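The structure under discussion appears below in the form of structure tokens.
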2 protein chains.
Amino acid sequence: MTEAIRASLERSDAVICCGGLGPTQDDITREALADVMGVPLELDDSLAERIESFFAGRGRSMAANNLRQAEVPKGATVIPQVRGTAPGLICPVGEAVAYAVPGVPAEMKEMLERAVIPDLVARSGSDVTIASRTLRTWGLAESSLAELLAPRLEALDRAGNPTIAFLASGIEGIKVRITAKAKAADAVVLLDAEEENVRRLVGPFIFGVDDETMEVVVGKLLVAGGQCLAVAESLTGGLIGARLTAVPGASDWFRGGVVSYASEVKRDVLGVGPGPVVSAEAAEKMAAGIRSLLGSTVGLAVTGVAGPAEQEGQPPGTVWIGLADGTATTSSTLRLPGEREQVRQLTVISALDLLRRHLLEVPGRTG
Amino acid sequence: MTEAIRASLERSDAVICCGGLGPTQDDITREALADVMGVPLELDDSLAERIESFFAGRGRSMAANNLRQAEVPKGATVIPQVRGTAPGLICPVGEAVAYAVPGVPAEMKEMLERAVIPDLVARSGSDVTIASRTLRTWGLAESSLAELLAPRLEALDRAGNPTIAFLASGIEGIKVRITAKAKAADAVVLLDAEEENVRRLVGPFIFGVDDETMEVVVGKLLVAGGQCLAVAESLTGGLIGARLTAVPGASDWFRGGVVSYASEVKRDVLGVGPGPVVSAEAAEKMAAGIRSLLGSTVGLAVTGVAGPAEQEGQPPGTVWIGLADGTATTSSTLRLPGEREQVRQLTVISALDLLRRHLLEVPGRTG
């Protein structure tokens with residue numbers, strides 16, 4: 001580790017080390033960083049207290065080895081923990097810097113955003129920023145998106161600032177990232193102008209901006225229209241409800257749902273008739289049934305074959321989506337590629353996109 | 001890219017390049033690899049045909065730039081795609097090798113397992129393998145696990161083979177990974193013996209081995225007992241059902257569930273009485289209600305406060321789990337740390353672990 005950190009610091013001004021900060025004998029990042037800095041490790045009393053009180057607060061007794069996490073290379077700055085027990089470190093090495101953050105993804109991410117990135121920005125000492133805005137699309141292949149955007153890609157290639165990049169994000173669709181390099185206020189102007197250009201060319205395929213997920217967008221549209229939603233899920237098994245309720249405040253527009261995995265649940269609880277359950281009729285009955293059972297203004301339903309085995313003679317990837325809003329009950333079908341989990345995830349975002357277009361009164365698109 | 005690949009090949013026998021194989025102008029991995037190999041790019045006719053038929057099969061017209069994906073550095077071997085359109089590449093560079101795989105995570109993973117790792121093993125030409133086995137635990141802090149396993153950690157530190165490492169995996173618990181270095185058959189013997197040692201010390205905290213997730217384990221136990229499950233979910237919004245139905249064949253033991261997000265759904269559909277819904281009584285009524293509504297032998301229910309706001313005067317992280325099996329209806333409570341999504345995910349695995357211990361008749365443990 002010491003060698004790798006030294007080699008990295010030779011070609012970079014900053015190195016971020018992720019992991020190895022826990023209490024066990026194989027957590028040696030602290031030792032490696034002290035070695036690179038050429039300083040000893042010292043016990044930080046206030047850190048030790050904090051770790052002891054973390055365990056006390058959860059009613060757990062603390063194993064003695066946890067105190068290793070209070071050891072800090074002399075001259076390093078501690079990044080306090082807000083989620084776990086392993087603090088992060090900012091270690092100056094000459095003119096350069098090495099950071100240590102925990103390996104648990106949620107802890108790493110939180111600490112990177114809260115402490116590491118601001119510290120890097122401060123050290124850079126420049127007032128030119130690199131600002132990005134991401135437009136999230138659903139329903140187009142990357143190549144079709146590139147063809148629609150070809151005039152902009154050519155113009156930007158000549159001008160050089162801002163730039164556009166595509167990020168294929170699987171079940172989250174394809175992201176179009178616009179990046180501008182300028183002073184903060186100027187960068188926003190560049191991003192605004194380019195977003196308008198892109199929207200003119202790709203229109204309703206853009207469902208959200210930056211961190212705005214499909215479920216956040218659907219929630220906003222429901223609230224704006226004074227509506228609330230209930231879902232009936234078969235092959236997705238609860239994934240749609242899980243994504244919707246990941247949004248804080250979802251209770252304002254989401255009532256709940258039924259996971260009708262067994263066919264009898266579709267019939268007994270949702271009123272699906274005899275006959276195939278992977279069908280337009282079943283999807284429509286499920287949508288109308290869940291709307292009525294849970295007293296929502298909109299009912300959304302999915303039924304289909306996730307695989308690996310076929311069902312009712314239909315191959316994996318065959319999916320029906322039903323939508324009921326009290327005025328009309330409609331359905332549409334999809335043939336989705338991939339294995340079980342991909343089919344399930346594609347079903348979720350396809351169903352939510354159909355709902356989004358319905359709420360926006362933009363014609364739907366399948367396939 | 002060319003410089004980075006060359007520098008990597010100087011210190012390694014193999015380099016894996018991930019991403020940059022798509023159809024757009026910023027996908028330049030093919031060009032960089034051809035440059036490193038010192039060869040031209042050539043159009044592979046059979047690849048071009050495959051890409052054209054991929055689009056035809058999905059009823060989409062193909063943008064011409066997709067054919068860039070059929071360009072192959074002369075002398076490279078193509079790794080065919082099974083999920084998308086961008087093929088992978090195996091590029092010999094002198095005695096070393098560079099691989100190119102797509103950047104979309106699912107495509108990358110599939111291609112790594114199917115083609116890259118087997119090719120690396122073949123190139124290594126050694127019959128000594130490094131074999132690992134992962135024991136998945138739930139319910140212990142990493143430090144407590146290390147204290148329970150201290151006798152083994154000391155013994156293995158002296159002997160050196162096999163070794164043990166801890167992997168804190170957040171909502172998936174803590175993994176104890178045993179690694180042995182030996183000829184294939186001998187490695188299995190070493191792993192078997194050490195697994196037995198670890199099990200003697202940590203017993204029922206181990207819920208699964210290697211890829212065996214909590215939901216797979218619960219499914220096996222339900223089938224073995226001739227039982228089937230229904231779930232009632234409040235704060236998790238469908239996450240429990242979604243995880244259970246990720247298991248192929250879940251319909252053998254999972255009937256479905258109700259996402260009772262709104263309080264009225266808990267009362268009208270599941271028979272929860274008046275009074276607080278974050279309570280032992282509500283969790284028990286939900287468990288008994290879902291068991292009866294969906295005709296399952298076991299009913300599992302969760303209700304609680306995911307946050308960010310408190311509910312009924314209870315802070316975020318307050319969770320009740322209910323379990324009904326026709327003989328008895330019980331409940332237990334948890335105080336979970338973290339933000340909204342962490343509370344929801346910890347609720348899922350805690351509820352499934354409670355069900356696992358119930359089915360195994362091992363006393364439960366909360367906190």
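In the structure tokens, the first chain shown is A, the next is B, and so on; residue numbers restart at 1 for each chain, and ligands run from 1 in the order shown.
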(Q) Only residues of chain A matter here; which ones have an atom within 8 Å of chain B, counting only C-alpha atoms? Give them as a ChimeraX atom specification. (A) /A:23-24,26,58,62-63,65-66,83,104-105,142-144,146-147,165-166,168-170,235-246,248,251,254-262,265,294,307-308,337-338,340-341,367
With N, CA and C atoms retained, export the selected residues as a compact mmCIF listing (two decimals), in the first residue's frame.
```
# COMPACT_ATOMS: atom_id res chain seq x y z
N PRO A 23 -11.82 -1.87 12.31
CA PRO A 23 -11.14 -2.23 13.55
C PRO A 23 -10.29 -3.49 13.47
N THR A 24 -10.36 -4.25 12.39
CA THR A 24 -9.71 -5.57 12.41
C THR A 24 -8.27 -5.52 11.93
N ASP A 26 -6.72 -6.64 9.51
CA ASP A 26 -6.38 -6.45 8.10
C ASP A 26 -6.69 -5.02 7.63
N ARG A 58 -26.05 2.65 20.85
CA ARG A 58 -26.78 1.56 20.22
C ARG A 58 -26.95 0.39 21.18
N MET A 62 -18.57 -2.49 23.41
CA MET A 62 -17.57 -2.22 22.38
C MET A 62 -16.38 -3.16 22.52
N ALA A 63 -16.02 -3.83 21.42
CA ALA A 63 -14.80 -4.63 21.44
C ALA A 63 -13.61 -3.68 21.47
N ASN A 65 -10.74 -3.63 20.14
CA ASN A 65 -10.03 -3.30 18.91
C ASN A 65 -10.65 -2.11 18.17
N ASN A 66 -11.86 -1.70 18.54
CA ASN A 66 -12.45 -0.52 17.90
C ASN A 66 -11.63 0.73 18.13
N ARG A 83 -21.99 8.25 10.05
CA ARG A 83 -22.78 7.04 9.85
C ARG A 83 -22.24 5.83 10.59
N VAL A 104 -17.16 1.04 3.06
CA VAL A 104 -18.61 0.81 2.96
C VAL A 104 -19.18 1.89 2.03
N PRO A 105 -19.82 1.48 0.92
CA PRO A 105 -20.18 2.46 -0.12
C PRO A 105 -20.93 3.69 0.41
N GLU A 142 -28.80 4.45 -27.71
CA GLU A 142 -27.75 5.47 -27.69
C GLU A 142 -27.48 6.00 -29.11
N SER A 143 -27.50 5.09 -30.09
CA SER A 143 -27.17 5.51 -31.45
C SER A 143 -28.26 6.43 -32.02
N SER A 144 -29.53 6.15 -31.69
CA SER A 144 -30.61 7.00 -32.19
C SER A 144 -30.53 8.38 -31.55
N ALA A 146 -27.80 9.77 -30.54
CA ALA A 146 -26.67 10.47 -31.18
C ALA A 146 -27.07 11.02 -32.54
N GLU A 147 -27.92 10.28 -33.29
CA GLU A 147 -28.35 10.80 -34.60
C GLU A 147 -29.24 12.02 -34.43
N ALA A 165 -21.56 14.37 -23.52
CA ALA A 165 -21.17 12.96 -23.47
C ALA A 165 -22.40 12.12 -23.19
N PHE A 166 -22.41 10.88 -23.69
CA PHE A 166 -23.50 9.95 -23.42
C PHE A 166 -23.06 8.95 -22.36
N ALA A 168 -24.50 5.44 -21.08
CA ALA A 168 -25.49 4.36 -21.12
C ALA A 168 -25.61 3.81 -19.72
N SER A 169 -26.80 3.93 -19.11
CA SER A 169 -26.96 3.57 -17.70
C SER A 169 -27.95 2.44 -17.52
N GLY A 170 -27.99 1.52 -18.49
CA GLY A 170 -28.80 0.32 -18.39
C GLY A 170 -30.24 0.64 -18.07
N LEU A 235 -44.87 -9.75 -12.03
CA LEU A 235 -43.47 -10.19 -12.19
C LEU A 235 -42.47 -9.31 -11.45
N THR A 236 -42.82 -8.03 -11.17
CA THR A 236 -41.88 -7.13 -10.49
C THR A 236 -41.91 -7.34 -8.98
N GLY A 237 -42.91 -8.00 -8.46
CA GLY A 237 -42.89 -8.48 -7.07
C GLY A 237 -42.80 -7.41 -5.99
N GLY A 238 -42.97 -6.13 -6.33
CA GLY A 238 -42.87 -5.07 -5.33
C GLY A 238 -41.85 -4.00 -5.71
N LEU A 239 -41.13 -4.22 -6.83
CA LEU A 239 -40.08 -3.27 -7.23
C LEU A 239 -40.64 -1.89 -7.54
N ILE A 240 -41.84 -1.83 -8.13
CA ILE A 240 -42.40 -0.51 -8.46
C ILE A 240 -42.70 0.24 -7.17
N GLY A 241 -43.40 -0.42 -6.24
CA GLY A 241 -43.69 0.22 -4.96
C GLY A 241 -42.42 0.62 -4.22
N ALA A 242 -41.41 -0.24 -4.28
CA ALA A 242 -40.15 0.04 -3.58
C ALA A 242 -39.49 1.29 -4.14
N ARG A 243 -39.49 1.44 -5.47
CA ARG A 243 -38.88 2.63 -6.07
C ARG A 243 -39.68 3.87 -5.74
N LEU A 244 -41.00 3.77 -5.81
CA LEU A 244 -41.83 4.95 -5.54
C LEU A 244 -41.65 5.41 -4.10
N THR A 245 -41.59 4.46 -3.16
CA THR A 245 -41.51 4.83 -1.75
C THR A 245 -40.08 5.16 -1.33
N ALA A 246 -39.13 5.07 -2.25
CA ALA A 246 -37.78 5.58 -1.95
C ALA A 246 -37.81 7.10 -1.90
N PRO A 248 -38.83 10.50 -0.40
CA PRO A 248 -39.42 11.04 0.83
C PRO A 248 -40.72 11.79 0.52
N SER A 251 -45.96 9.39 0.61
CA SER A 251 -47.31 9.17 1.12
C SER A 251 -48.28 10.25 0.64
N PHE A 254 -48.85 8.32 -3.05
CA PHE A 254 -48.83 6.86 -3.24
C PHE A 254 -49.60 6.20 -2.11
N ARG A 255 -50.64 5.41 -2.47
CA ARG A 255 -51.43 4.76 -1.42
C ARG A 255 -50.90 3.38 -1.06
N GLY A 256 -50.35 2.67 -2.05
CA GLY A 256 -49.84 1.33 -1.78
C GLY A 256 -50.11 0.42 -2.94
N GLY A 257 -50.10 -0.89 -2.71
CA GLY A 257 -50.30 -1.80 -3.83
C GLY A 257 -50.53 -3.22 -3.39
N VAL A 258 -50.72 -4.07 -4.38
CA VAL A 258 -50.81 -5.51 -4.12
C VAL A 258 -49.77 -6.19 -5.00
N VAL A 259 -48.98 -7.07 -4.38
CA VAL A 259 -48.09 -7.93 -5.15
C VAL A 259 -48.84 -9.22 -5.40
N SER A 260 -49.38 -9.34 -6.61
CA SER A 260 -50.22 -10.51 -6.92
C SER A 260 -49.37 -11.51 -7.67
N TYR A 261 -48.47 -12.17 -6.90
CA TYR A 261 -47.51 -13.06 -7.55
C TYR A 261 -48.20 -14.36 -7.96
N ALA A 262 -48.96 -14.97 -7.06
CA ALA A 262 -49.70 -16.18 -7.40
C ALA A 262 -50.94 -15.78 -8.20
N VAL A 265 -54.09 -14.88 -6.33
CA VAL A 265 -54.16 -13.54 -5.74
C VAL A 265 -54.70 -12.54 -6.77
N LEU A 294 -57.87 0.12 -3.43
CA LEU A 294 -57.11 1.04 -2.57
C LEU A 294 -57.61 2.49 -2.65
N GLY A 307 -38.96 -14.84 -16.50
CA GLY A 307 -38.04 -15.92 -16.81
C GLY A 307 -37.46 -16.51 -15.53
N PRO A 308 -36.62 -17.52 -15.57
CA PRO A 308 -36.05 -18.10 -16.79
C PRO A 308 -37.05 -18.93 -17.61
N PRO A 337 -35.63 -7.37 -23.50
CA PRO A 337 -34.48 -8.25 -23.62
C PRO A 337 -33.87 -8.56 -22.25
N GLY A 338 -33.03 -9.57 -22.21
CA GLY A 338 -32.22 -9.80 -21.01
C GLY A 338 -32.75 -10.91 -20.12
N ARG A 340 -33.80 -12.49 -16.13
CA ARG A 340 -34.85 -12.23 -15.15
C ARG A 340 -34.79 -10.84 -14.51
N GLU A 341 -33.66 -10.50 -13.88
CA GLU A 341 -33.62 -9.25 -13.13
C GLU A 341 -33.69 -8.05 -14.07
N GLY A 367 -41.36 -0.57 -26.70
CA GLY A 367 -40.32 -1.25 -27.48
C GLY A 367 -38.95 -0.71 -27.21
```
Going by DSSP on the backbone, which residues of region 108-234 of chain B come out as strand (DSSP E)? List them as an mmCIF file with N, CA and C atoms, in the first residue's frame.
```cif
data_model
loop_
_atom_site.group_PDB
_atom_site.id
_atom_site.type_symbol
_atom_site.label_atom_id
_atom_site.label_comp_id
_atom_site.auth_asym_id
_atom_site.auth_seq_id
_atom_site.Cartn_x
_atom_site.Cartn_y
_atom_site.Cartn_z
ATOM 1 N N VAL B 128 -1.948 -24.314 -9.356
ATOM 2 C CA VAL B 128 -2.273 -23.856 -7.999
ATOM 3 C C VAL B 128 -3.351 -22.786 -8.117
ATOM 4 N N THR B 129 -4.454 -22.983 -7.404
ATOM 5 C CA THR B 129 -5.550 -22.028 -7.487
ATOM 6 C C THR B 129 -5.664 -21.264 -6.177
ATOM 7 N N ILE B 130 -6.248 -20.078 -6.258
ATOM 8 C CA ILE B 130 -6.616 -19.345 -5.056
ATOM 9 C C ILE B 130 -8.127 -19.471 -4.949
ATOM 10 N N ALA B 131 -8.591 -20.236 -3.982
ATOM 11 C CA ALA B 131 -10.024 -20.499 -3.858
ATOM 12 C C ALA B 131 -10.566 -19.809 -2.619
ATOM 13 N N SER B 132 -11.742 -19.216 -2.757
ATOM 14 C CA SER B 132 -12.352 -18.528 -1.622
ATOM 15 C C SER B 132 -13.726 -19.092 -1.323
ATOM 16 N N ARG B 133 -14.117 -18.982 -0.075
ATOM 17 C CA ARG B 133 -15.491 -19.278 0.304
ATOM 18 C C ARG B 133 -15.938 -18.179 1.248
ATOM 19 N N THR B 134 -17.129 -17.658 1.005
ATOM 20 C CA THR B 134 -17.619 -16.538 1.799
ATOM 21 C C THR B 134 -18.782 -16.992 2.671
ATOM 22 N N LEU B 135 -18.640 -16.792 3.985
ATOM 23 C CA LEU B 135 -19.740 -17.080 4.903
ATOM 24 C C LEU B 135 -20.415 -15.757 5.231
ATOM 25 N N ARG B 136 -21.716 -15.678 4.953
ATOM 26 C CA ARG B 136 -22.445 -14.418 5.129
ATOM 27 C C ARG B 136 -23.109 -14.384 6.493
ATOM 28 N N THR B 137 -22.842 -13.308 7.253
ATOM 29 C CA THR B 137 -23.412 -13.217 8.597
ATOM 30 C C THR B 137 -24.357 -12.027 8.702
ATOM 31 N N THR B 163 -6.422 -18.111 4.821
ATOM 32 C CA THR B 163 -6.518 -16.839 5.534
ATOM 33 C C THR B 163 -7.991 -16.458 5.674
ATOM 34 N N ILE B 164 -8.250 -15.523 6.598
ATOM 35 C CA ILE B 164 -9.621 -15.036 6.786
ATOM 36 C C ILE B 164 -9.631 -13.521 6.634
ATOM 37 N N ALA B 165 -10.630 -13.003 5.912
ATOM 38 C CA ALA B 165 -10.807 -11.553 5.812
ATOM 39 C C ALA B 165 -12.272 -11.210 6.061
ATOM 40 N N PHE B 166 -12.499 -10.012 6.617
ATOM 41 C CA PHE B 166 -13.869 -9.549 6.826
ATOM 42 C C PHE B 166 -14.227 -8.543 5.752
ATOM 43 N N LEU B 167 -15.425 -8.646 5.230
ATOM 44 C CA LEU B 167 -15.918 -7.658 4.273
ATOM 45 C C LEU B 167 -17.223 -7.075 4.806
ATOM 46 N N ALA B 168 -17.136 -5.848 5.341
ATOM 47 C CA ALA B 168 -18.347 -5.180 5.813
ATOM 48 C C ALA B 168 -19.167 -4.807 4.589
ATOM 49 N N ILE B 174 -22.076 -8.754 7.256
ATOM 50 C CA ILE B 174 -20.623 -8.833 7.172
ATOM 51 C C ILE B 174 -20.245 -10.201 6.631
ATOM 52 N N LYS B 175 -19.382 -10.188 5.626
ATOM 53 C CA LYS B 175 -18.958 -11.444 5.025
ATOM 54 C C LYS B 175 -17.628 -11.865 5.627
ATOM 55 N N VAL B 176 -17.517 -13.155 5.942
ATOM 56 C CA VAL B 176 -16.256 -13.726 6.414
ATOM 57 C C VAL B 176 -15.722 -14.557 5.249
ATOM 58 N N ARG B 177 -14.633 -14.095 4.655
ATOM 59 C CA ARG B 177 -14.117 -14.783 3.473
ATOM 60 C C ARG B 177 -12.888 -15.599 3.820
ATOM 61 N N ILE B 178 -12.974 -16.888 3.565
ATOM 62 C CA ILE B 178 -11.848 -17.791 3.786
ATOM 63 C C ILE B 178 -11.172 -18.006 2.434
ATOM 64 N N THR B 179 -9.848 -17.851 2.384
ATOM 65 C CA THR B 179 -9.133 -18.007 1.120
ATOM 66 C C THR B 179 -8.004 -19.014 1.288
ATOM 67 N N ALA B 180 -7.963 -20.001 0.393
ATOM 68 C CA ALA B 180 -6.914 -21.023 0.454
ATOM 69 C C ALA B 180 -6.147 -21.034 -0.864
ATOM 70 N N LYS B 181 -4.847 -21.304 -0.785
ATOM 71 C CA LYS B 181 -3.999 -21.365 -1.972
ATOM 72 C C LYS B 181 -3.413 -22.767 -2.048
ATOM 73 N N ALA B 182 -3.856 -23.533 -3.037
ATOM 74 C CA ALA B 182 -3.402 -24.919 -3.155
ATOM 75 C C ALA B 182 -3.935 -25.477 -4.470
ATOM 76 N N LYS B 183 -3.541 -26.725 -4.821
ATOM 77 C CA LYS B 183 -4.175 -27.364 -5.965
ATOM 78 C C LYS B 183 -5.668 -27.484 -5.670
ATOM 79 N N ILE B 206 -24.431 -17.037 10.857
ATOM 80 C CA ILE B 206 -24.167 -17.309 9.441
ATOM 81 C C ILE B 206 -25.475 -17.716 8.777
ATOM 82 N N PHE B 207 -25.889 -16.915 7.774
ATOM 83 C CA PHE B 207 -27.145 -17.283 7.112
ATOM 84 C C PHE B 207 -26.930 -17.910 5.743
ATOM 85 N N GLY B 208 -25.797 -17.678 5.116
ATOM 86 C CA GLY B 208 -25.609 -18.214 3.773
ATOM 87 C C GLY B 208 -24.148 -18.350 3.401
ATOM 88 N N VAL B 209 -23.892 -19.003 2.283
ATOM 89 C CA VAL B 209 -22.536 -19.249 1.803
ATOM 90 C C VAL B 209 -22.409 -18.712 0.374
ATOM 91 N N LEU B 229 -45.388 -18.157 1.867
ATOM 92 C CA LEU B 229 -45.276 -16.877 2.560
ATOM 93 C C LEU B 229 -46.090 -15.790 1.870
ATOM 94 N N ALA B 230 -46.639 -14.875 2.680
ATOM 95 C CA ALA B 230 -47.200 -13.618 2.164
ATOM 96 C C ALA B 230 -46.666 -12.493 3.041
ATOM 97 N N VAL B 231 -46.471 -11.311 2.457
ATOM 98 C CA VAL B 231 -45.883 -10.205 3.215
ATOM 99 C C VAL B 231 -46.765 -8.965 3.173
ATOM 100 N N ALA B 232 -46.781 -8.239 4.292
ATOM 101 C CA ALA B 232 -47.457 -6.940 4.347
ATOM 102 C C ALA B 232 -46.387 -5.905 4.658
ATOM 103 N N GLU B 233 -46.229 -4.928 3.757
ATOM 104 C CA GLU B 233 -45.128 -3.979 3.888
ATOM 105 C C GLU B 233 -45.652 -2.562 4.007
#
```
(Q) So that I can check the secondary structure, give me every residue of region 35-88 of chain A assigned helix (DSSP H, G or I) by backbone DSSP, as JSON, numbers by chain. (A) {"A": [35, 36, 37, 45, 46, 47, 48, 49, 50, 51, 52, 53, 54, 55, 56, 57, 64, 65, 66, 67, 68, 69, 70]}
Q | Point-to-point distance in Å for CA of Asp353 (chain B) and CA of Val217 (chain B) | A |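 Those two atoms sit 9.5 Å apart.
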Q | Neighbour list for region 279-289 of chain A as a VMD selection string, cut-off 9 Å, only C-alpha atoms, skip fewer than 2 positions in-chain | A | chain A and resid 230 to 233 260 266 to 267 269 to 273 275 to 277 291 to 294 298 to 304 319 to 326 329 to 333
Q: For CA of Val121 (chain B) and CA of Ala96 (chain B), determine how far apart the two atoms are, in Å to one decimal place.
A: 13.5 Å
